[in-house]
Structure formats: structure tokens, C-alpha cells
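target30.pdb, holding PDB, C-alpha atoms:
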MODEL        1
ATOM      1  CA  ASP U   1      84.788 112.940  87.012  1.00  0.00           C
ATOM      2  CA  THR U   2      86.535 115.349  89.321  1.00  0.00           C
ATOM      3  CA  GLY U   3      89.304 113.055  90.486  1.00  0.00           C
ATOM      4  CA  VAL U   4      89.705 110.970  93.621  1.00  0.00           C
ATOM      5  CA  SER U   5      87.156 111.821  96.280  1.00  0.00           C
ATOM      6  CA  GLN U   6      87.535 111.021  99.972  1.00  0.00           C
ATOM      7  CA  ASN U   7      84.930 111.305 102.699  1.00  0.00           C
ATOM      8  CA  PRO U   8      84.768 112.574 105.302  1.00  0.00           C
ATOM      9  CA  ARG U   9      87.433 115.284 105.133  1.00  0.00           C
ATOM     10  CA  HIS U  10      87.791 115.331 108.902  1.00  0.00           C
ATOM     11  CA  LYS U  11      86.805 112.872 111.601  1.00  0.00           C
ATOM     12  CA  ILE U  12      87.142 113.297 115.350  1.00  0.00           C
ATOM     13  CA  THR U  13      86.407 110.208 117.383  1.00  0.00           C
ATOM     14  CA  LYS U  14      86.833 108.972 120.915  1.00  0.00           C
ATOM     15  CA  ARG U  15      89.358 106.294 121.676  1.00  0.00           C
ATOM     16  CA  GLY U  16      87.843 102.855 121.315  1.00  0.00           C
ATOM     17  CA  GLN U  17      85.262 103.841 118.712  1.00  0.00           C
ATOM     18  CA  ASN U  18      85.165 102.436 115.187  1.00  0.00           C
ATOM     19  CA  VAL U  19      85.529 104.678 112.140  1.00  0.00           C
ATOM     20  CA  THR U  20      85.086 104.120 108.419  1.00  0.00           C
ATOM     21  CA  PHE U  21      86.445 106.189 105.557  1.00  0.00           C
ATOM     22  CA  ARG U  22      85.399 106.088 101.954  1.00  0.00           C
ATOM     23  CA  CYS U  23      87.380 106.623  98.761  1.00  0.00           C
ATOM     24  CA  ASP U  24      85.893 107.047  95.290  1.00  0.00           C
ATOM     25  CA  PRO U  25      88.642 106.665  92.690  1.00  0.00           C
ATOM     26  CA  ILE U  26      88.709 107.931  89.133  1.00  0.00           C
ATOM     27  CA  SER U  27      86.128 105.725  87.451  1.00  0.00           C
ATOM     28  CA  GLU U  28      88.362 104.068  84.854  1.00  0.00           C
ATOM     29  CA  HIS U  29      91.214 103.407  87.303  1.00  0.00           C
ATOM     30  CA  ASN U  30      91.486  99.762  88.320  1.00  0.00           C
ATOM     31  CA  ARG U  31      94.079 100.229  91.060  1.00  0.00           C
ATOM     32  CA  LEU U  32      93.362 101.853  94.399  1.00  0.00           C
ATOM     33  CA  TYR U  33      95.851 102.555  97.177  1.00  0.00           C
ATOM     34  CA  TRP U  34      95.592 103.609 100.815  1.00  0.00           C
ATOM     35  CA  TYR U  35      98.385 105.535 102.516  1.00  0.00           C
ATOM     36  CA  ARG U  36      98.730 107.040 105.976  1.00  0.00           C
ATOM     37  CA  GLN U  37     100.612 110.219 106.766  1.00  0.00           C
ATOM     38  CA  THR U  38     101.533 111.407 110.236  1.00  0.00           C
ATOM     39  CA  LEU U  39     103.006 114.767 111.181  1.00  0.00           C
ATOM     40  CA  GLY U  40     106.500 115.251 109.837  1.00  0.00           C
ATOM     41  CA  GLN U  41     106.474 112.044 107.818  1.00  0.00           C
ATOM     42  CA  GLY U  42     105.892 111.168 104.217  1.00  0.00           C
ATOM     43  CA  PRO U  43     102.938 109.024 103.192  1.00  0.00           C
ATOM     44  CA  GLU U  44     103.287 105.376 104.250  1.00  0.00           C
ATOM     45  CA  PHE U  45     101.786 102.564 102.205  1.00  0.00           C
ATOM     46  CA  LEU U  46      98.957 100.629 103.847  1.00  0.00           C
ATOM     47  CA  THR U  47      97.341  98.488 101.158  1.00  0.00           C
ATOM     48  CA  TYR U  48      96.279  98.354  97.535  1.00  0.00           C
ATOM     49  CA  PHE U  49      93.615  96.794  95.361  1.00  0.00           C
ATOM     50  CA  GLN U  50      93.521  95.798  91.745  1.00  0.00           C
ATOM     51  CA  ASN U  51      89.840  95.786  90.895  1.00  0.00           C
ATOM     52  CA  GLU U  52      88.224  94.096  93.908  1.00  0.00           C
ATOM     53  CA  ALA U  53      91.259  92.031  94.894  1.00  0.00           C
ATOM     54  CA  GLN U  54      93.403  93.236  97.786  1.00  0.00           C
ATOM     55  CA  LEU U  55      96.890  92.365  96.548  1.00  0.00           C
ATOM     56  CA  GLU U  56      99.187  93.680  99.266  1.00  0.00           C
ATOM     57  CA  LYS U  57      98.941  94.803 102.874  1.00  0.00           C
ATOM     58  CA  SER U  58     101.608  96.577 104.889  1.00  0.00           C
ATOM     59  CA  ARG U  59     102.726  95.463 108.347  1.00  0.00           C
ATOM     60  CA  LEU U  60     101.301  98.817 109.438  1.00  0.00           C
ATOM     61  CA  LEU U  61      97.843  97.427 108.796  1.00  0.00           C
ATOM     62  CA  SER U  62      97.137  95.747 112.115  1.00  0.00           C
ATOM     63  CA  ASP U  63      94.167  93.455 112.635  1.00  0.00           C
ATOM     64  CA  ARG U  64      92.150  96.487 113.734  1.00  0.00           C
ATOM     65  CA  PHE U  65      92.315  97.798 110.184  1.00  0.00           C
ATOM     66  CA  SER U  66      90.321  96.386 107.300  1.00  0.00           C
ATOM     67  CA  ALA U  67      89.897  97.625 103.763  1.00  0.00           C
ATOM     68  CA  GLU U  68      87.437  96.563 101.109  1.00  0.00           C
ATOM     69  CA  ARG U  69      86.683  97.330  97.513  1.00  0.00           C
ATOM     70  CA  PRO U  70      83.610  95.167  96.977  1.00  0.00           C
ATOM     71  CA  LYS U  71      82.754  95.937  93.372  1.00  0.00           C
ATOM     72  CA  GLY U  72      86.083  97.197  92.169  1.00  0.00           C
ATOM     73  CA  SER U  73      84.896 100.790  92.387  1.00  0.00           C
ATOM     74  CA  PHE U  74      84.863 102.681  95.713  1.00  0.00           C
ATOM     75  CA  SER U  75      86.805 101.469  98.720  1.00  0.00           C
ATOM     76  CA  THR U  76      86.316 101.694 102.471  1.00  0.00           C
ATOM     77  CA  LEU U  77      88.936 101.658 105.203  1.00  0.00           C
ATOM     78  CA  GLU U  78      87.669 100.740 108.663  1.00  0.00           C
ATOM     79  CA  ILE U  79      89.568 101.125 111.907  1.00  0.00           C
ATOM     80  CA  GLN U  80      88.154  99.291 114.898  1.00  0.00           C
ATOM     81  CA  ARG U  81      88.809 100.233 118.526  1.00  0.00           C
ATOM     82  CA  THR U  82      90.689 103.369 117.550  1.00  0.00           C
ATOM     83  CA  GLU U  83      93.799 104.387 119.471  1.00  0.00           C
ATOM     84  CA  GLN U  84      95.438 107.783 119.759  1.00  0.00           C
ATOM     85  CA  GLY U  85      98.272 106.527 117.591  1.00  0.00           C
ATOM     86  CA  ASP U  86      95.807 106.121 114.723  1.00  0.00           C
ATOM     87  CA  SER U  87      95.521 109.918 114.460  1.00  0.00           C
ATOM     88  CA  ALA U  88      96.804 110.739 110.991  1.00  0.00           C
ATOM     89  CA  MET U  89      95.860 111.797 107.482  1.00  0.00           C
ATOM     90  CA  TYR U  90      94.578 108.839 105.476  1.00  0.00           C
ATOM     91  CA  LEU U  91      95.223 109.239 101.765  1.00  0.00           C
ATOM     92  CA  CYS U  92      93.692 107.361  98.887  1.00  0.00           C
ATOM     93  CA  ALA U  93      95.130 107.210  95.368  1.00  0.00           C
ATOM     94  CA  SER U  94      94.121 105.487  92.170  1.00  0.00           C
ATOM     95  CA  SER U  95      95.838 104.540  88.933  1.00  0.00           C
ATOM     96  CA  LEU U  96      95.527 102.482  85.784  1.00  0.00           C
ATOM     97  CA  THR U  97      97.508  99.294  85.383  1.00  0.00           C
ATOM     98  CA  GLY U  98     100.241  99.643  82.808  1.00  0.00           C
ATOM     99  CA  THR U  99     100.810 103.369  83.213  1.00  0.00           C
ATOM    100  CA  GLY U 100     103.955 102.689  85.181  1.00  0.00           C
ATOM    101  CA  GLU U 101     104.026 102.555  88.929  1.00  0.00           C
ATOM    102  CA  GLY U 102     103.688 106.030  90.315  1.00  0.00           C
ATOM    103  CA  TYR U 103     103.235 107.724  86.987  1.00  0.00           C
ATOM    104  CA  GLY U 104      99.473 107.622  86.970  1.00  0.00           C
ATOM    105  CA  TYR U 105      98.790 108.011  90.688  1.00  0.00           C
ATOM    106  CA  THR U 106      96.076 110.535  91.436  1.00  0.00           C
ATOM    107  CA  PHE U 107      95.715 111.333  95.117  1.00  0.00           C
ATOM    108  CA  GLY U 108      92.631 112.403  96.981  1.00  0.00           C
ATOM    109  CA  SER U 109      92.573 115.228  99.510  1.00  0.00           C
ATOM    110  CA  GLY U 110      92.669 112.779 102.397  1.00  0.00           C
ATOM    111  CA  THR U 111      90.672 112.162 105.564  1.00  0.00           C
ATOM    112  CA  ARG U 112      92.171 113.631 108.713  1.00  0.00           C
ATOM    113  CA  LEU U 113      91.453 111.431 111.728  1.00  0.00           C
ATOM    114  CA  THR U 114      91.841 112.729 115.255  1.00  0.00           C
ATOM    115  CA  VAL U 115      91.398 110.269 118.103  1.00  0.00           C
ATOM    116  CA  VAL U 116      90.757 111.932 121.468  1.00  0.00           C
TER
ATOM    117  CA  ALA G   1     115.472  97.418 102.534  1.00  0.00           C
ATOM    118  CA  GLN G   2     113.812 100.041 100.384  1.00  0.00           C
ATOM    119  CA  ARG G   3     114.287 103.521 101.786  1.00  0.00           C
ATOM    120  CA  VAL G   4     114.179 107.133 100.667  1.00  0.00           C
ATOM    121  CA  THR G   5     116.099 109.756 102.605  1.00  0.00           C
ATOM    122  CA  GLN G   6     115.521 113.492 102.381  1.00  0.00           C
ATOM    123  CA  PRO G   7     118.037 115.004 104.812  1.00  0.00           C
ATOM    124  CA  GLU G   8     116.594 118.516 104.924  1.00  0.00           C
ATOM    125  CA  LYS G   9     113.277 119.216 106.608  1.00  0.00           C
ATOM    126  CA  LEU G  10     113.374 122.850 105.544  1.00  0.00           C
ATOM    127  CA  LEU G  11     115.161 124.675 102.759  1.00  0.00           C
ATOM    128  CA  SER G  12     114.837 128.439 102.693  1.00  0.00           C
ATOM    129  CA  VAL G  13     116.106 130.427  99.705  1.00  0.00           C
ATOM    130  CA  PHE G  14     115.582 133.860  98.220  1.00  0.00           C
ATOM    131  CA  LYS G  15     113.703 134.398  94.991  1.00  0.00           C
ATOM    132  CA  GLY G  16     116.025 133.942  92.042  1.00  0.00           C
ATOM    133  CA  ALA G  17     118.481 131.739  93.919  1.00  0.00           C
ATOM    134  CA  PRO G  18     119.262 128.190  92.783  1.00  0.00           C
ATOM    135  CA  VAL G  19     117.496 125.330  94.525  1.00  0.00           C
ATOM    136  CA  GLU G  20     118.635 121.780  95.184  1.00  0.00           C
ATOM    137  CA  LEU G  21     116.466 119.420  97.174  1.00  0.00           C
ATOM    138  CA  LYS G  22     118.397 116.313  98.132  1.00  0.00           C
ATOM    139  CA  CYS G  23     117.127 112.754  97.861  1.00  0.00           C
ATOM    140  CA  ASN G  24     119.030 109.527  98.406  1.00  0.00           C
ATOM    141  CA  TYR G  25     117.573 106.067  98.079  1.00  0.00           C
ATOM    142  CA  SER G  26     118.308 102.508  99.014  1.00  0.00           C
ATOM    143  CA  TYR G  27     117.094  99.767  96.690  1.00  0.00           C
ATOM    144  CA  SER G  28     118.730  96.596  95.445  1.00  0.00           C
ATOM    145  CA  GLY G  29     117.177  96.530  91.988  1.00  0.00           C
ATOM    146  CA  SER G  30     116.313  99.114  89.356  1.00  0.00           C
ATOM    147  CA  PRO G  31     113.911 101.569  90.939  1.00  0.00           C
ATOM    148  CA  GLU G  32     111.721 104.214  89.454  1.00  0.00           C
ATOM    149  CA  LEU G  33     112.209 107.561  91.179  1.00  0.00           C
ATOM    150  CA  PHE G  34     109.713 110.384  91.430  1.00  0.00           C
ATOM    151  CA  TRP G  35     109.256 113.809  92.910  1.00  0.00           C
ATOM    152  CA  TYR G  36     105.831 114.711  94.273  1.00  0.00           C
ATOM    153  CA  VAL G  37     104.802 118.185  95.389  1.00  0.00           C
ATOM    154  CA  GLN G  38     102.124 119.425  97.740  1.00  0.00           C
ATOM    155  CA  TYR G  39     101.247 123.111  97.581  1.00  0.00           C
ATOM    156  CA  SER G  40      99.455 124.713 100.512  1.00  0.00           C
ATOM    157  CA  ARG G  41      95.907 123.343 100.859  1.00  0.00           C
ATOM    158  CA  GLN G  42      96.252 121.193  97.743  1.00  0.00           C
ATOM    159  CA  ARG G  43      96.562 117.497  97.040  1.00  0.00           C
ATOM    160  CA  LEU G  44      99.773 115.619  96.596  1.00  0.00           C
ATOM    161  CA  GLN G  45     100.627 115.631  92.905  1.00  0.00           C
ATOM    162  CA  LEU G  46     103.330 114.223  90.676  1.00  0.00           C
ATOM    163  CA  LEU G  47     106.015 116.726  89.684  1.00  0.00           C
ATOM    164  CA  LEU G  48     108.313 114.531  87.634  1.00  0.00           C
ATOM    165  CA  ARG G  49     109.661 111.000  87.172  1.00  0.00           C
ATOM    166  CA  HIS G  50     113.183 110.061  86.213  1.00  0.00           C
ATOM    167  CA  ILE G  51     112.223 107.910  83.234  1.00  0.00           C
ATOM    168  CA  SER G  52     110.627 110.787  81.363  1.00  0.00           C
ATOM    169  CA  ARG G  53     113.706 113.016  81.814  1.00  0.00           C
ATOM    170  CA  GLU G  54     111.538 116.077  81.440  1.00  0.00           C
ATOM    171  CA  SER G  55     111.599 119.498  83.012  1.00  0.00           C
ATOM    172  CA  ILE G  56     108.455 120.565  84.820  1.00  0.00           C
ATOM    173  CA  LYS G  57     108.036 124.145  86.043  1.00  0.00           C
ATOM    174  CA  GLY G  58     111.772 124.571  85.523  1.00  0.00           C
ATOM    175  CA  PHE G  59     112.642 121.648  87.820  1.00  0.00           C
ATOM    176  CA  THR G  60     114.888 118.791  86.738  1.00  0.00           C
ATOM    177  CA  ALA G  61     116.166 115.696  88.500  1.00  0.00           C
ATOM    178  CA  ASP G  62     118.875 113.293  87.387  1.00  0.00           C
ATOM    179  CA  LEU G  63     119.103 109.756  88.647  1.00  0.00           C
ATOM    180  CA  ASN G  64     122.657 109.001  89.790  1.00  0.00           C
ATOM    181  CA  LYS G  65     122.851 105.266  90.343  1.00  0.00           C
ATOM    182  CA  GLY G  66     126.434 105.418  91.574  1.00  0.00           C
ATOM    183  CA  GLU G  67     125.528 107.811  94.364  1.00  0.00           C
ATOM    184  CA  THR G  68     121.972 106.453  94.668  1.00  0.00           C
ATOM    185  CA  SER G  69     120.662 109.996  94.483  1.00  0.00           C
ATOM    186  CA  PHE G  70     117.853 111.797  92.714  1.00  0.00           C
ATOM    187  CA  HIS G  71     118.270 115.442  93.665  1.00  0.00           C
ATOM    188  CA  LEU G  72     115.716 118.003  92.472  1.00  0.00           C
ATOM    189  CA  LYS G  73     117.126 121.205  91.011  1.00  0.00           C
ATOM    190  CA  LYS G  74     115.941 124.522  89.711  1.00  0.00           C
ATOM    191  CA  PRO G  75     118.284 127.320  88.633  1.00  0.00           C
ATOM    192  CA  PHE G  76     116.105 130.249  89.734  1.00  0.00           C
ATOM    193  CA  ALA G  77     113.552 129.803  92.506  1.00  0.00           C
ATOM    194  CA  GLN G  78     110.201 131.560  92.353  1.00  0.00           C
ATOM    195  CA  GLU G  79     107.872 132.356  95.231  1.00  0.00           C
ATOM    196  CA  GLU G  80     105.218 130.032  93.795  1.00  0.00           C
ATOM    197  CA  ASP G  81     107.648 127.116  94.196  1.00  0.00           C
ATOM    198  CA  SER G  82     107.114 127.247  97.955  1.00  0.00           C
ATOM    199  CA  ALA G  83     105.656 123.855  98.863  1.00  0.00           C
ATOM    200  CA  MET G  84     106.366 120.492 100.428  1.00  0.00           C
ATOM    201  CA  TYR G  85     108.406 118.218  98.168  1.00  0.00           C
ATOM    202  CA  TYR G  86     108.525 114.445  98.524  1.00  0.00           C
ATOM    203  CA  CYS G  87     110.926 112.105  96.826  1.00  0.00           C
ATOM    204  CA  ALA G  88     109.478 108.632  96.199  1.00  0.00           C
ATOM    205  CA  LEU G  89     110.681 105.262  94.965  1.00  0.00           C
ATOM    206  CA  SER G  90     108.811 102.478  93.253  1.00  0.00           C
ATOM    207  CA  GLY G  91     110.295  99.016  92.858  1.00  0.00           C
ATOM    208  CA  ALA G  92     108.805  95.710  91.919  1.00  0.00           C
ATOM    209  CA  THR G  93     106.142  95.800  94.592  1.00  0.00           C
ATOM    210  CA  ASN G  94     103.620  98.188  93.073  1.00  0.00           C
ATOM    211  CA  LYS G  95     103.777 100.753  95.816  1.00  0.00           C
ATOM    212  CA  LEU G  96     105.508 104.067  96.395  1.00  0.00           C
ATOM    213  CA  ILE G  97     107.985 104.547  99.232  1.00  0.00           C
ATOM    214  CA  PHE G  98     108.141 108.214 100.217  1.00  0.00           C
ATOM    215  CA  GLY G  99     110.785 110.236 101.968  1.00  0.00           C
ATOM    216  CA  THR G 100     109.917 112.478 104.884  1.00  0.00           C
ATOM    217  CA  GLY G 101     109.695 115.536 102.677  1.00  0.00           C
ATOM    218  CA  THR G 102     111.434 118.900 102.426  1.00  0.00           C
ATOM    219  CA  LEU G 103     109.593 122.162 102.898  1.00  0.00           C
ATOM    220  CA  LEU G 104     110.855 124.685 100.365  1.00  0.00           C
ATOM    221  CA  ALA G 105     110.311 128.295 101.396  1.00  0.00           C
ATOM    222  CA  VAL G 106     111.153 130.901  98.781  1.00  0.00           C
ATOM    223  CA  GLN G 107     111.542 134.346 100.300  1.00  0.00           C
ATOM    224  CA  PRO G 108     110.769 137.476  98.255  1.00  0.00           C
TER
ENDMDL
END
Spit out the file's structure as C-alpha cells when you get a sec.
Amino acid sequence: DTGVSQNPRHKITKRGQNVTFRCDPISEHNRLYWYRQTLGQGPEFLTYFQNEAQLEKSRLLSDRFSAERPKGSFSTLEIQRTEQGDSAMYLCASSLTGTGEGYGYTFGSGTRLTVV
Amino acid sequence: AQRVTQPEKLLSVFKGAPVELKCNYSYSGSPELFWYVQYSRQRLQLLLRHISRESIKGFTADLNKGETSFHLKKPFAQEEDSAMYYCALSGATNKLIFGTGTLLAVQP
């Protein structure tokens, strides 16, 4: 296991198109998090899963955004009808419950989305 | 509201000089505070957390609840310390709140 894997690394899409990103966490980690990072800002929380259950969603996650983790393993983040404001780096992280919040976070390299 | 403030976008120092990266937080309970680091072309990774009270790569950070601060310090900067540093807070809600980050540039 080489850590948290995110695909694709880069995505350029036209405004109005739908995009989907994938995150493969560390296999024994039961928690999975999605963050978004725009230029000059720190990562902002979007949502997280414990196993297959989505336990919290940020206000940033509009109805155009949906995330799934169907079997408690990999997760997908879909953005429908993309807007230029969606251009950002989308980060995924995973952790084990009970390791202390933040202590066991392992981040992926991110997917950079550019909406033109 | 939960908030993390890093007032400096850029901190430039010479090699061997002391470093202090400032972080202030706003949280009504007992937070956990962290420093994350991102080196050029690498992933975001944990540097240290206040509970462990450890020193990593010569960096230390003390939680000051009275001043609601968690400044990151190192007595002698090295060129390999050049990176983006993020202070982060975790409360009861199972997520990290990050500051905007400080770019540390260590000049030779």
C-alpha cells in the first residue's frame, strides 16, 4: 500500500460539464475526508465518511456536489454542471478511528481541477 | 466560530536564523492543534501536534490557551525547512480547520 491515491492528477473541463474524481485510501483506514484548496487558502473541509456512511457535509458542498463511498473503500466526488469557481485542488485524506483527530490523517496528492 | 489565523503569508529568513511562524485560533472548547507542512511538489503531511509535545526536525510548538496561540518555532533555520506551513485545529466535529498558511523561505 503506497498511501492515499487520487485520480486523475489534473482535470481540465469546460464550464457546465460534469467531472468525477476518485480517491483510494489506505486500505485499513475506515475514515475518508475530502477537502478543497484554492489559491492562497488552506484546505477547506467538504465532507467525510466513516466506512460507507457520510457523516458530515460542509455548507461548501452545494447540491451540485455529491460524494460516495459505496463499499467503505474508495470514494468518488462528483461535481455536476461545473462552474469556474469550482477550479481548485481537491484533496482526499484517510485515517483510522481512535488515532486522534488529525493525528493519523494521510493526504493524497490531490486532483487539480481547472474549469474553462 | 472555529477559526485559525496565520497572519503572515510569507516569512523570509537567512539560514541559521531563528524562526517563528505565528498561529492564533478561535475555539470555545478544548481543541487539538497541529502543524502541517507541504514541501515543494510533495503532499501535505503532519509535522507535529500539541498533545505529543515532541520536537520534529528541530521544530517545537507550545499551546498557549491564554493567548489562544500555537506558534511554531525553530532556533536555527535550515534551507531544507523552506516549505508551506499550515496550522490546523480539530474540535469535536471530526474535521480539521486549516489556516491560510505561511510560506517559509530560508535564504542561504
6 Å contacts from chain U to chain G using only C-alpha atoms, as a PyMOL selection string:
chain U and resi 41-42+109
Size and centre in Å, one decimal, axis-aligned box, all listed region 67-78 of chain U atoms plus 8 Å per side, as AutoDock Vina command-line options:
--center_x 86.3 --center_y 98.9 --center_z 100.4 --size_x 23.1 --size_y 23.5 --size_z 32.5
For the atom pair CA of Thr76 (chain U) and CA of Arg22 (chain U), what is the interatomic distance in Å to one decimal place?
4.5 Å
If the PyMOL selection byres ((chain U and resi 67) around 7) is run on the structure shown, which residues does it catch, given as an MDAnalysis selection string?
chainID U and resid 65:66 68 76:78
Atomic distance CA of Leu72 (chain G) - CA of Thr97 (chain U), expressed in Å with one decimal
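Separation of CA of Leu72 (chain G) and CA of Thr97 (chain U): 27.1 Å.
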I would like the residues chosen by the PyMOL selection byres ((chain U and resi 19) around 10) on the shown file; could you give them as a PDB file with C-alpha atoms, keeping the file's coordinate frame?
ATOM      1  CA  LYS U  11      86.805 112.872 111.601  1.00  0.00           C
ATOM      2  CA  ILE U  12      87.142 113.297 115.350  1.00  0.00           C
ATOM      3  CA  THR U  13      86.407 110.208 117.383  1.00  0.00           C
ATOM      4  CA  LYS U  14      86.833 108.972 120.915  1.00  0.00           C
ATOM      5  CA  GLY U  16      87.843 102.855 121.315  1.00  0.00           C
ATOM      6  CA  GLN U  17      85.262 103.841 118.712  1.00  0.00           C
ATOM      7  CA  ASN U  18      85.165 102.436 115.187  1.00  0.00           C
ATOM      8  CA  THR U  20      85.086 104.120 108.419  1.00  0.00           C
ATOM      9  CA  PHE U  21      86.445 106.189 105.557  1.00  0.00           C
ATOM     10  CA  PHE U  65      92.315  97.798 110.184  1.00  0.00           C
ATOM     11  CA  LEU U  77      88.936 101.658 105.203  1.00  0.00           C
ATOM     12  CA  GLU U  78      87.669 100.740 108.663  1.00  0.00           C
ATOM     13  CA  ILE U  79      89.568 101.125 111.907  1.00  0.00           C
ATOM     14  CA  GLN U  80      88.154  99.291 114.898  1.00  0.00           C
ATOM     15  CA  ARG U  81      88.809 100.233 118.526  1.00  0.00           C
ATOM     16  CA  THR U  82      90.689 103.369 117.550  1.00  0.00           C
ATOM     17  CA  LEU U 113      91.453 111.431 111.728  1.00  0.00           C
TER      18      LEU U 113
END
Run the PyMOL selection byres ((chain U and resi 54-56) around 9) mentally over the shown coordinates, then write out the matched residues as a count of residues only, using the chain letters and numbers from the document.
15
Just give me the gap between CA of Pro7 (chain G) and CA of Thr114 (chain U) in Å, one decimal is fine.
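It comes out at 28.3 Å.
Using only C-alpha atoms, the shortest contact distance between Leu32 (chain U) and any of U:Ser95, U:Ser62, U:Ser87, U:Thr2 is found at U:Ser95.
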Any chance you could build region 55-69 of chain U out to N, CA and C atoms and write it as a PDB file, keeping the file's coordinate frame?
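Resulting contents of result03.pdb:
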ATOM      1  N   LEU U  55      95.689  93.077  96.955  1.00  0.00           N
ATOM      2  CA  LEU U  55      96.890  92.365  96.548  1.00  0.00           C
ATOM      3  C   LEU U  55      98.047  92.489  97.526  1.00  0.00           C
ATOM      4  N   GLU U  56      98.082  93.529  98.328  1.00  0.00           N
ATOM      5  CA  GLU U  56      99.187  93.680  99.266  1.00  0.00           C
ATOM      6  C   GLU U  56      98.728  94.487 100.466  1.00  0.00           C
ATOM      7  N   LYS U  57      99.223  94.086 101.630  1.00  0.00           N
ATOM      8  CA  LYS U  57      98.941  94.803 102.874  1.00  0.00           C
ATOM      9  C   LYS U  57     100.246  95.037 103.602  1.00  0.00           C
ATOM     10  N   SER U  58     100.412  96.246 104.131  1.00  0.00           N
ATOM     11  CA  SER U  58     101.608  96.577 104.889  1.00  0.00           C
ATOM     12  C   SER U  58     101.520  96.004 106.296  1.00  0.00           C
ATOM     13  N   ARG U  59     102.695  95.851 106.923  1.00  0.00           N
ATOM     14  CA  ARG U  59     102.726  95.463 108.347  1.00  0.00           C
ATOM     15  C   ARG U  59     102.043  96.514 109.210  1.00  0.00           C
ATOM     16  N   LEU U  60     101.963  97.757 108.676  1.00  0.00           N
ATOM     17  CA  LEU U  60     101.301  98.817 109.438  1.00  0.00           C
ATOM     18  C   LEU U  60      99.821  98.540 109.626  1.00  0.00           C
ATOM     19  N   LEU U  61      99.274  97.711 108.762  1.00  0.00           N
ATOM     20  CA  LEU U  61      97.843  97.427 108.796  1.00  0.00           C
ATOM     21  C   LEU U  61      97.586  96.319 109.805  1.00  0.00           C
ATOM     22  N   SER U  62      97.381  96.741 111.070  1.00  0.00           N
ATOM     23  CA  SER U  62      97.137  95.747 112.115  1.00  0.00           C
ATOM     24  C   SER U  62      95.762  95.122 111.915  1.00  0.00           C
ATOM     25  N   ASP U  63      95.447  94.149 112.781  1.00  0.00           N
ATOM     26  CA  ASP U  63      94.167  93.455 112.635  1.00  0.00           C
ATOM     27  C   ASP U  63      92.984  94.347 112.982  1.00  0.00           C
ATOM     28  N   ARG U  64      93.252  95.543 113.492  1.00  0.00           N
ATOM     29  CA  ARG U  64      92.150  96.487 113.734  1.00  0.00           C
ATOM     30  C   ARG U  64      91.741  97.214 112.452  1.00  0.00           C
ATOM     31  N   PHE U  65      92.579  97.111 111.442  1.00  0.00           N
ATOM     32  CA  PHE U  65      92.315  97.798 110.184  1.00  0.00           C
ATOM     33  C   PHE U  65      91.778  96.796 109.162  1.00  0.00           C
ATOM     34  N   SER U  66      90.775  97.220 108.410  1.00  0.00           N
ATOM     35  CA  SER U  66      90.321  96.386 107.300  1.00  0.00           C
ATOM     36  C   SER U  66      89.915  97.290 106.147  1.00  0.00           C
ATOM     37  N   ALA U  67      90.239  96.856 104.953  1.00  0.00           N
ATOM     38  CA  ALA U  67      89.897  97.625 103.763  1.00  0.00           C
ATOM     39  C   ALA U  67      89.161  96.722 102.798  1.00  0.00           C
ATOM     40  N   GLU U  68      88.213  97.309 102.089  1.00  0.00           N
ATOM     41  CA  GLU U  68      87.437  96.563 101.109  1.00  0.00           C
ATOM     42  C   GLU U  68      87.252  97.390  99.853  1.00  0.00           C
ATOM     43  N   ARG U  69      87.059  96.681  98.772  1.00  0.00           N
ATOM     44  CA  ARG U  69      86.683  97.330  97.513  1.00  0.00           C
ATOM     45  C   ARG U  69      85.732  96.362  96.818  1.00  0.00           C
TER      46      ARG U  69
END
